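The structure under discussion appears below in the form of structure tokens.
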Amino acid sequence: MYDQAIERYEIEPLKIKKGIETKGGVKNAEAVNRRLGRVRSKYASVAKCLTVTIGYDDGKGAKRSAVTMTIERNAEVEEEEVKSHGKYFLGTDLDISDLSAVWAYYNVVSVVEEAFSVLKGDLDFRPIFHKTDNGIKAHINLTLLAYWIVSYVRHELKKGGINYSWTELLRIMNTQHRVTITGEPVDGRMHAIRKSSVPEKELEVIQDILDIPRASRCYIKSVGPKTEKSPRSVKLPCRDGVHACNLSAVVADELAYMVNEVRNEQKIDSPFGMCQAYIADPPMADEMLPECRIGGLPEFPRRAFFHALNSRATVKQYLRKHGHEENDVTVIVAHLGNGITVTLHKNGEVIDTNNGLGGDGPFTQERAGTCPAFPLIEMCFSGKYSESDIKKKILGGGGAVAYFGTNDMEELSRRAAEGEEDCQVFLKAFCLNVAKYIAGISATVGGKVDAILLTGNNAFIPDICSGIAERVSFIAPVEVFAGEHALASLAENGYNILSGSVKIHKYDKNAIVPDGE
């Protein structure tokens with residue numbers, strides 16, 4: 001066990017050394033020492049057997065960098081450590097002379113325990129009582145069942161070159177979500193629609209190795225009966241973000257199909273023709289100017305993912321309030337919700353915005369917003385967090401949640417009013433970040449803005465609205481349209497479709513951008 005520990009420990013300092021010697025690697029003295037400290041803490045039992053010496057440049061404080069690193073094995077310390085290093089004894093009645101086989105059998109116990117600890121929670125089989133024979137038998141049977149499932153899955157994946165732990169496999173599989181909608185139509189029967197989000201590439205590989213039928217991706221289907229000449233399945237692209245809204249078009253189309261089936265069965269004629277599904281103002285709608293799409297790297301283009309439905313509904317409210325018959329204004333809309341998006345509307349088109357779901361924009365009550373690149377990179381390679389952990393910190397565990405453990409901005413506003421200094425400073429920073437994005441996006445049109453509109457549920461909080469308004473009112477007048485207006489906007493879009501007052505764009509399956517592009 002000592003040899004295994006020292007062998008694993010030696011690898012880690014070599015990674016740090018490579019970063020110091022490689023262009024673009026981690027060289028900051030403080031960061032290097034932090035990484036080395038974590039490695040020594042992880043392998044504390046053998047850390048003193050290696051002598052690691054770091055050479056620094058003449059920089060001071062944050063500008064100080066590591067320039068050299070030497071790693072030597074301390075023979076004298078290692079000799080003493082080997083003498084005192086603990087031994088692991090196993091007793092067995094198995095007739096096996098191969099020691100490695102005995103060790104492999106023993107490790108099966110840890111696999112069983114891992115499987116049971118994970119699956120008994122996921123299967124909701126807690127608590128397991130051990131006071132009766134039946135309780136003991138249930139525990140053993142469940143343990144064996146869990147072990148068989150885990151062993152089979154990991155064995156098959158290992159043959160395909162994947163050797164993840166069960167916990168990591170669950171994390172990967174949890175990246176795909178399924179939504180089930182039930183309803184009772186006019187025929188009295190209960191109907192259910194179940195659709196799944198698009199699996200990530202890593203999950204697709206696992207599904208292929210295990211020969212699991214691929215859960216249906218996001219599809220939009222043509223209305224009408226299914227025939228061999230007109231199949232209903234047509235892929236709906238949603239490549240700029242994983243979000244529940246990606247399923248809405250599919251659900252709507254499925255409902256329309258069900259309505260038409262019932263009408264056909266019961267020979268019901270509709271004066272409006274067949275029931276059809278339409279998409280209106282999806283979050284990934286992209287009308288951005290070409291110069292607004294350019295990012296700092298070709299791999300990181302700026303993408304549109306914003307509260308399109310509520311943002312456009314707010315503009316419509318503003319137009320009606322001020323008596324505009326045409327959408328001939330240039331306004332900035334700040335949607336203040338769990339996510340915050342700042343959009344620039346000009347003559348009915350959103351020509352600039354931020355990706356509210358992709359880590360671009362102000363920090364919110366539960367999202368980290370735009371993060372500094374180097375600290376984020378260090379966090380990713382620290383070894384303390386998985387990819388899923390970091391995504392959760394940025395989307396769901398950032399902002400007010402990270403500082404105060406709550407996403408209730410009304411509570412923070414109340415606490416600030418009661419004199420809590422931390423809450424007062426946070427609210428000022430919150431308003432300032434939103435104001436900076438509003439001011440920044442106004443540059444796209446040279447500051448020629450007719451109005452700035454605040455909407456979303458946080459627009460109900462007077463301190464937030466006033467805090468933003470006092471910083472951006474020099475650009476244009478600020479008006480508040482508090483709340484979410486998405487459902488009203490959908491209804492209005494539906495009315496405009498039925499009245500023929502808007503142009504309907506037909507979905508073209510041949511215009512789909514292939515995956516990966």
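Residues are referred to by chain and number: the chain letter is A, B, ... according to the order shown in the structure tokens, the number counts from 1 in that chain, and ligands are numbered separately from 1 in the order shown.
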
Would you list the contacts of Lys436 of chain A as a PyMOL selection string, taking every protein, DNA or RNA residue within 9 Å and counting only C-alpha atoms, but skipping same-chain residues closer than 3 positions in sequence?
-> chain A and resi 362+431-433+439-441+471-472

Using 10 Å as the limit and counting only C-alpha atoms, can you tabulate each residue of segment 339-422 of chain A that touches segment 29-34 of chain A, with its shortest atom-to-atom distance in Å and the two atoms involved, as JSON lines?
{"residue": "A:Pro375", "atom": "CA", "partner": "A:Ala31", "partner_atom": "CA", "distance": 9.6}
{"residue": "A:Glu378", "atom": "CA", "partner": "A:Ala31", "partner_atom": "CA", "distance": 8.0}
{"residue": "A:Ser382", "atom": "CA", "partner": "A:Arg34", "partner_atom": "CA", "distance": 9.1}

Keeping N, CA and C atoms for every residue in the selection just given, could you write it to a file as an mmCIF file, in the first residue's frame?
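Okay, result-v4.cif is ready:
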data_model
loop_
_atom_site.group_PDB
_atom_site.id
_atom_site.type_symbol
_atom_site.label_atom_id
_atom_site.label_comp_id
_atom_site.auth_asym_id
_atom_site.auth_seq_id
_atom_site.Cartn_x
_atom_site.Cartn_y
_atom_site.Cartn_z
ATOM 1 N N PRO A 375 -9.448 32.915 -12.305
ATOM 2 C CA PRO A 375 -9.928 32.209 -11.114
ATOM 3 C C PRO A 375 -10.876 31.054 -11.456
ATOM 4 N N GLU A 378 -8.703 28.157 -12.560
ATOM 5 C CA GLU A 378 -8.061 27.539 -11.392
ATOM 6 C C GLU A 378 -9.056 26.686 -10.620
ATOM 7 N N SER A 382 -8.693 22.632 -9.922
ATOM 8 C CA SER A 382 -8.252 22.484 -8.535
ATOM 9 C C SER A 382 -8.383 21.056 -8.038
#

Residues near Lys448 of chain A, cut-off 10 Å, only C-alpha atoms, skip fewer than 2 positions along chain, as an MDAnalysis selection string = chainID A and resid 330:331 442:446 450:451 475:476

Kindly export the residues of the current selection with all heavy atoms, as a JSON list (two decimals), in the first residue's frame.
[["chain", "number", "residue", "atom", "x", "y", "z"],
["A", 330, "THR", "N", -36.57, 52.60, -29.70],
["A", 330, "THR", "CA", -35.35, 51.93, -29.27],
["A", 330, "THR", "C", -35.36, 51.93, -27.74],
["A", 330, "THR", "O", -35.25, 52.98, -27.11],
["A", 330, "THR", "CB", -34.09, 52.65, -29.78],
["A", 330, "THR", "OG1", -34.11, 52.67, -31.21],
["A", 330, "THR", "CG2", -32.82, 51.94, -29.30],
["A", 331, "VAL", "N", -35.52, 50.75, -27.15],
["A", 331, "VAL", "CA", -35.62, 50.65, -25.70],
["A", 331, "VAL", "C", -34.71, 49.53, -25.19],
["A", 331, "VAL", "O", -34.39, 48.59, -25.92],
["A", 331, "VAL", "CB", -37.07, 50.38, -25.23],
["A", 331, "VAL", "CG1", -37.98, 51.53, -25.61],
["A", 331, "VAL", "CG2", -37.60, 49.07, -25.81],
["A", 442, "SER", "N", -26.21, 50.19, -24.13],
["A", 442, "SER", "CA", -26.66, 51.41, -24.80],
["A", 442, "SER", "C", -25.63, 51.91, -25.81],
["A", 442, "SER", "O", -25.99, 52.64, -26.75],
["A", 442, "SER", "CB", -26.96, 52.50, -23.76],
["A", 442, "SER", "OG", -25.75, 52.98, -23.17],
["A", 443, "ALA", "N", -24.38, 51.49, -25.63],
["A", 443, "ALA", "CA", -23.33, 51.91, -26.57],
["A", 443, "ALA", "C", -23.56, 51.35, -27.96],
["A", 443, "ALA", "O", -23.07, 51.91, -28.95],
["A", 443, "ALA", "CB", -21.96, 51.48, -26.04],
["A", 444, "THR", "N", -24.29, 50.24, -28.07],
["A", 444, "THR", "CA", -24.56, 49.63, -29.37],
["A", 444, "THR", "C", -25.28, 50.60, -30.31],
["A", 444, "THR", "O", -25.12, 50.56, -31.52],
["A", 444, "THR", "CB", -25.39, 48.34, -29.19],
["A", 444, "THR", "OG1", -24.71, 47.47, -28.28],
["A", 444, "THR", "CG2", -25.59, 47.62, -30.51],
["A", 445, "VAL", "N", -26.11, 51.49, -29.72],
["A", 445, "VAL", "CA", -26.83, 52.48, -30.52],
["A", 445, "VAL", "C", -26.37, 53.90, -30.20],
["A", 445, "VAL", "O", -27.11, 54.87, -30.37],
["A", 445, "VAL", "CB", -28.36, 52.36, -30.30],
["A", 445, "VAL", "CG1", -28.89, 51.09, -30.94],
["A", 445, "VAL", "CG2", -28.71, 52.40, -28.82],
["A", 446, "GLY", "N", -25.15, 54.02, -29.69],
["A", 446, "GLY", "CA", -24.59, 55.34, -29.40],
["A", 446, "GLY", "C", -25.34, 56.09, -28.31],
["A", 446, "GLY", "O", -25.34, 57.33, -28.29],
["A", 450, "ASP", "N", -34.78, 55.47, -26.22],
["A", 450, "ASP", "CA", -36.01, 56.17, -25.85],
["A", 450, "ASP", "C", -36.42, 55.90, -24.41],
["A", 450, "ASP", "O", -36.99, 56.78, -23.75],
["A", 450, "ASP", "CB", -37.16, 55.75, -26.79],
["A", 450, "ASP", "CG", -36.88, 56.16, -28.23],
["A", 450, "ASP", "OD1", -36.55, 57.33, -28.45],
["A", 450, "ASP", "OD2", -37.00, 55.30, -29.13],
["A", 451, "ALA", "N", -36.19, 54.70, -23.91],
["A", 451, "ALA", "CA", -36.61, 54.37, -22.56],
["A", 451, "ALA", "C", -35.88, 53.13, -22.07],
["A", 451, "ALA", "O", -35.39, 52.32, -22.87],
["A", 451, "ALA", "CB", -38.11, 54.15, -22.48],
["A", 475, "ILE", "N", -29.25, 58.08, -19.16],
["A", 475, "ILE", "CA", -29.30, 57.58, -20.54],
["A", 475, "ILE", "C", -30.68, 57.82, -21.14],
["A", 475, "ILE", "O", -30.82, 58.32, -22.26],
["A", 475, "ILE", "CB", -28.98, 56.07, -20.58],
["A", 475, "ILE", "CG1", -27.59, 55.81, -20.00],
["A", 475, "ILE", "CG2", -29.06, 55.53, -22.01],
["A", 475, "ILE", "CD1", -27.28, 54.32, -19.80],
["A", 476, "ALA", "N", -31.72, 57.45, -20.38],
["A", 476, "ALA", "CA", -33.09, 57.58, -20.84],
["A", 476, "ALA", "C", -34.03, 57.43, -19.65],
["A", 476, "ALA", "O", -33.62, 56.94, -18.60],
["A", 476, "ALA", "CB", -33.40, 56.51, -21.90]]

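Each of A:Ile377, A:Ala249, A:Ala146, A:Ala280 was checked against Ile497 of chain A using only C-alpha atoms; the smallest atom-to-atom distance is that of A:Ala280.
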
Per-residue nearest contacts of segment 298-321 of chain A to segment 337-354 of chain A (7 Å; only C-alpha atoms) as a Markdown table:
| residue | atom | partner | partner_atom | distance |
| --- | --- | --- | --- | --- |
| A:Ala304 | CA | A:Asn354 | CA | 6.1 |
| A:Phe305 | CA | A:Asn354 | CA | 6.8 |
| A:Phe306 | CA | A:Thr341 | CA | 5.6 |
| A:His307 | CA | A:Thr341 | CA | 6.6 |

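Distance check against Met379 of chain A using only C-alpha atoms: of A:Lys27, A:Arg367, A:Lys393, A:Arg73, the minimum falls on A:Lys393.
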
Residue contacts of Ile11 of chain A (12 Å, only C-alpha atoms) excluding same-chain residues fewer than 3 positions away, as a PyMOL selection string = chain A and resi 4-8+14-18+36+39-40+43+50+71

Those residues you just picked out, can you put them in a file as a PDB file, in the first residue's frame with N, CA, C and O atoms?
ATOM      1  N   GLN A   4       2.022   1.970  -3.535  1.00  0.00           N
ATOM      2  CA  GLN A   4       0.930   2.529  -4.330  1.00  0.00           C
ATOM      3  C   GLN A   4       0.699   4.005  -3.990  1.00  0.00           C
ATOM      4  O   GLN A   4       0.496   4.842  -4.870  1.00  0.00           O
ATOM      5  N   ALA A   5       0.772   4.325  -2.692  1.00  0.00           N
ATOM      6  CA  ALA A   5       0.552   5.708  -2.261  1.00  0.00           C
ATOM      7  C   ALA A   5       1.639   6.632  -2.780  1.00  0.00           C
ATOM      8  O   ALA A   5       1.354   7.725  -3.293  1.00  0.00           O
ATOM      9  N   ILE A   6       2.915   6.239  -2.647  1.00  0.00           N
ATOM     10  CA  ILE A   6       4.012   7.099  -3.091  1.00  0.00           C
ATOM     11  C   ILE A   6       4.006   7.251  -4.609  1.00  0.00           C
ATOM     12  O   ILE A   6       4.321   8.312  -5.149  1.00  0.00           O
ATOM     13  N   GLU A   7       3.595   6.186  -5.312  1.00  0.00           N
ATOM     14  CA  GLU A   7       3.530   6.247  -6.775  1.00  0.00           C
ATOM     15  C   GLU A   7       2.472   7.258  -7.227  1.00  0.00           C
ATOM     16  O   GLU A   7       2.698   8.050  -8.142  1.00  0.00           O
ATOM     17  N   ARG A   8       1.320   7.242  -6.539  1.00  0.00           N
ATOM     18  CA  ARG A   8       0.266   8.189  -6.892  1.00  0.00           C
ATOM     19  C   ARG A   8       0.652   9.617  -6.518  1.00  0.00           C
ATOM     20  O   ARG A   8       0.335  10.569  -7.220  1.00  0.00           O
ATOM     21  N   LEU A  14       4.402  16.507 -10.345  1.00  0.00           N
ATOM     22  CA  LEU A  14       4.856  16.602 -11.733  1.00  0.00           C
ATOM     23  C   LEU A  14       3.878  17.418 -12.577  1.00  0.00           C
ATOM     24  O   LEU A  14       4.284  18.142 -13.494  1.00  0.00           O
ATOM     25  N   LYS A  15       2.571  17.312 -12.272  1.00  0.00           N
ATOM     26  CA  LYS A  15       1.579  18.115 -12.986  1.00  0.00           C
ATOM     27  C   LYS A  15       1.781  19.601 -12.698  1.00  0.00           C
ATOM     28  O   LYS A  15       1.673  20.451 -13.584  1.00  0.00           O
ATOM     29  N   ILE A  16       2.081  19.916 -11.419  1.00  0.00           N
ATOM     30  CA  ILE A  16       2.316  21.312 -11.041  1.00  0.00           C
ATOM     31  C   ILE A  16       3.566  21.836 -11.735  1.00  0.00           C
ATOM     32  O   ILE A  16       3.598  22.966 -12.234  1.00  0.00           O
ATOM     33  N   LYS A  17       4.592  21.003 -11.773  1.00  0.00           N
ATOM     34  CA  LYS A  17       5.850  21.391 -12.434  1.00  0.00           C
ATOM     35  C   LYS A  17       5.624  21.658 -13.927  1.00  0.00           C
ATOM     36  O   LYS A  17       6.166  22.620 -14.485  1.00  0.00           O
ATOM     37  N   LYS A  18       4.825  20.817 -14.548  1.00  0.00           N
ATOM     38  CA  LYS A  18       4.532  21.004 -15.969  1.00  0.00           C
ATOM     39  C   LYS A  18       3.838  22.338 -16.209  1.00  0.00           C
ATOM     40  O   LYS A  18       4.114  23.038 -17.189  1.00  0.00           O
ATOM     41  N   LEU A  36       0.034  22.797  -4.395  1.00  0.00           N
ATOM     42  CA  LEU A  36       0.958  21.894  -3.720  1.00  0.00           C
ATOM     43  C   LEU A  36       0.454  21.541  -2.322  1.00  0.00           C
ATOM     44  O   LEU A  36       0.570  20.389  -1.879  1.00  0.00           O
ATOM     45  N   VAL A  39      -2.201  18.893  -2.535  1.00  0.00           N
ATOM     46  CA  VAL A  39      -1.637  17.575  -2.835  1.00  0.00           C
ATOM     47  C   VAL A  39      -1.020  16.966  -1.574  1.00  0.00           C
ATOM     48  O   VAL A  39      -1.222  15.790  -1.262  1.00  0.00           O
ATOM     49  N   ARG A  40      -0.264  17.787  -0.835  1.00  0.00           N
ATOM     50  CA  ARG A  40       0.358  17.285   0.390  1.00  0.00           C
ATOM     51  C   ARG A  40      -0.688  16.869   1.412  1.00  0.00           C
ATOM     52  O   ARG A  40      -0.511  15.892   2.141  1.00  0.00           O
ATOM     53  N   TYR A  43      -2.149  13.432   0.371  1.00  0.00           N
ATOM     54  CA  TYR A  43      -1.235  12.302   0.566  1.00  0.00           C
ATOM     55  C   TYR A  43      -0.341  12.563   1.776  1.00  0.00           C
ATOM     56  O   TYR A  43       0.888  12.439   1.710  1.00  0.00           O
ATOM     57  N   LEU A  50       8.987  13.129  -0.193  1.00  0.00           N
ATOM     58  CA  LEU A  50       9.436  13.897  -1.358  1.00  0.00           C
ATOM     59  C   LEU A  50       9.798  15.304  -0.921  1.00  0.00           C
ATOM     60  O   LEU A  50       9.065  15.932  -0.155  1.00  0.00           O
ATOM     61  N   ILE A  71      11.956  18.124  -7.789  1.00  0.00           N
ATOM     62  CA  ILE A  71      11.313  17.088  -6.974  1.00  0.00           C
ATOM     63  C   ILE A  71      12.336  15.984  -6.713  1.00  0.00           C
ATOM     64  O   ILE A  71      12.893  15.406  -7.656  1.00  0.00           O
TER      65      ILE A  71
END

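For the pair atom CA of Leu203 of chain A and atom CA of Lys159 of chain A, the interatomic distance is 16.2 Å.
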
Would you mind writing down, as a PyMOL selection string, each residue of segment 281-464 of chain A that DSSP on the backbone assigns to strand (DSSP E)?
-> chain A and resi 330-336+340-346+349-352+451-456

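Here the helix (DSSP H, G or I) residues in segment 331-396 of chain A, by DSSP on the backbone, are A:Ala373, A:Phe374, A:Pro375, A:Leu376, A:Ile377, A:Glu378, A:Met379, A:Cys380, A:Glu387, A:Ser388, A:Asp389, A:Ile390, A:Lys391, A:Lys392, A:Lys393, A:Ile394.
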
Tell me which protein, DNA and RNA residues are within 12 Å of Arg414 of chain A, counting only C-alpha atoms, leaving out same-chain ones fewer than 4 positions away, and put them as an MDAnalysis selection string.
-> chainID A and resid 408:410 418:421 423:424 427 461:464

Within 9 Å of Cys275 of chain A using only C-alpha atoms, minus same-chain residues under 6 positions, as number ranges by chain = A: 223, 255-257, 259-260

Taking into account only C-alpha atoms, which residue in the set A:Ala486, A:Arg154, A:Glu291, A:Tyr106 is nearest to Trp166 of chain A?
-> A:Arg154

Between segment 294-338 of chain A and segment 478-482 of chain A, at 9 Å or less, what are the per-residue closest atom pairs and their distances in Å? Count only C-alpha atoms, order by chain and rising residue number, and return it as JSON lines.
{"residue": "A:Thr314", "atom": "CA", "partner": "A:Phe481", "partner_atom": "CA", "distance": 6.7}
{"residue": "A:Gln317", "atom": "CA", "partner": "A:Phe481", "partner_atom": "CA", "distance": 8.1}
{"residue": "A:Tyr318", "atom": "CA", "partner": "A:Phe481", "partner_atom": "CA", "distance": 8.5}
{"residue": "A:Leu336", "atom": "CA", "partner": "A:Ala482", "partner_atom": "CA", "distance": 9.0}

In terms of the shortest atom-to-atom distance over only C-alpha atoms, which of A:Ala47, A:Val179, A:Ile209, A:Ala491 is closest to Ile279 of chain A?
-> A:Ala491

Using only C-alpha atoms, find the one residue out of A:Ile172, A:Ala101, A:Ala308, A:Val251 that sits nearest to Pro199 of chain A.
-> A:Ile172

In terms of only C-alpha atoms, the residue from A:Val52, A:Val67, A:Ile438, A:Ile504 at minimal distance from Phe474 of chain A is A:Ile438
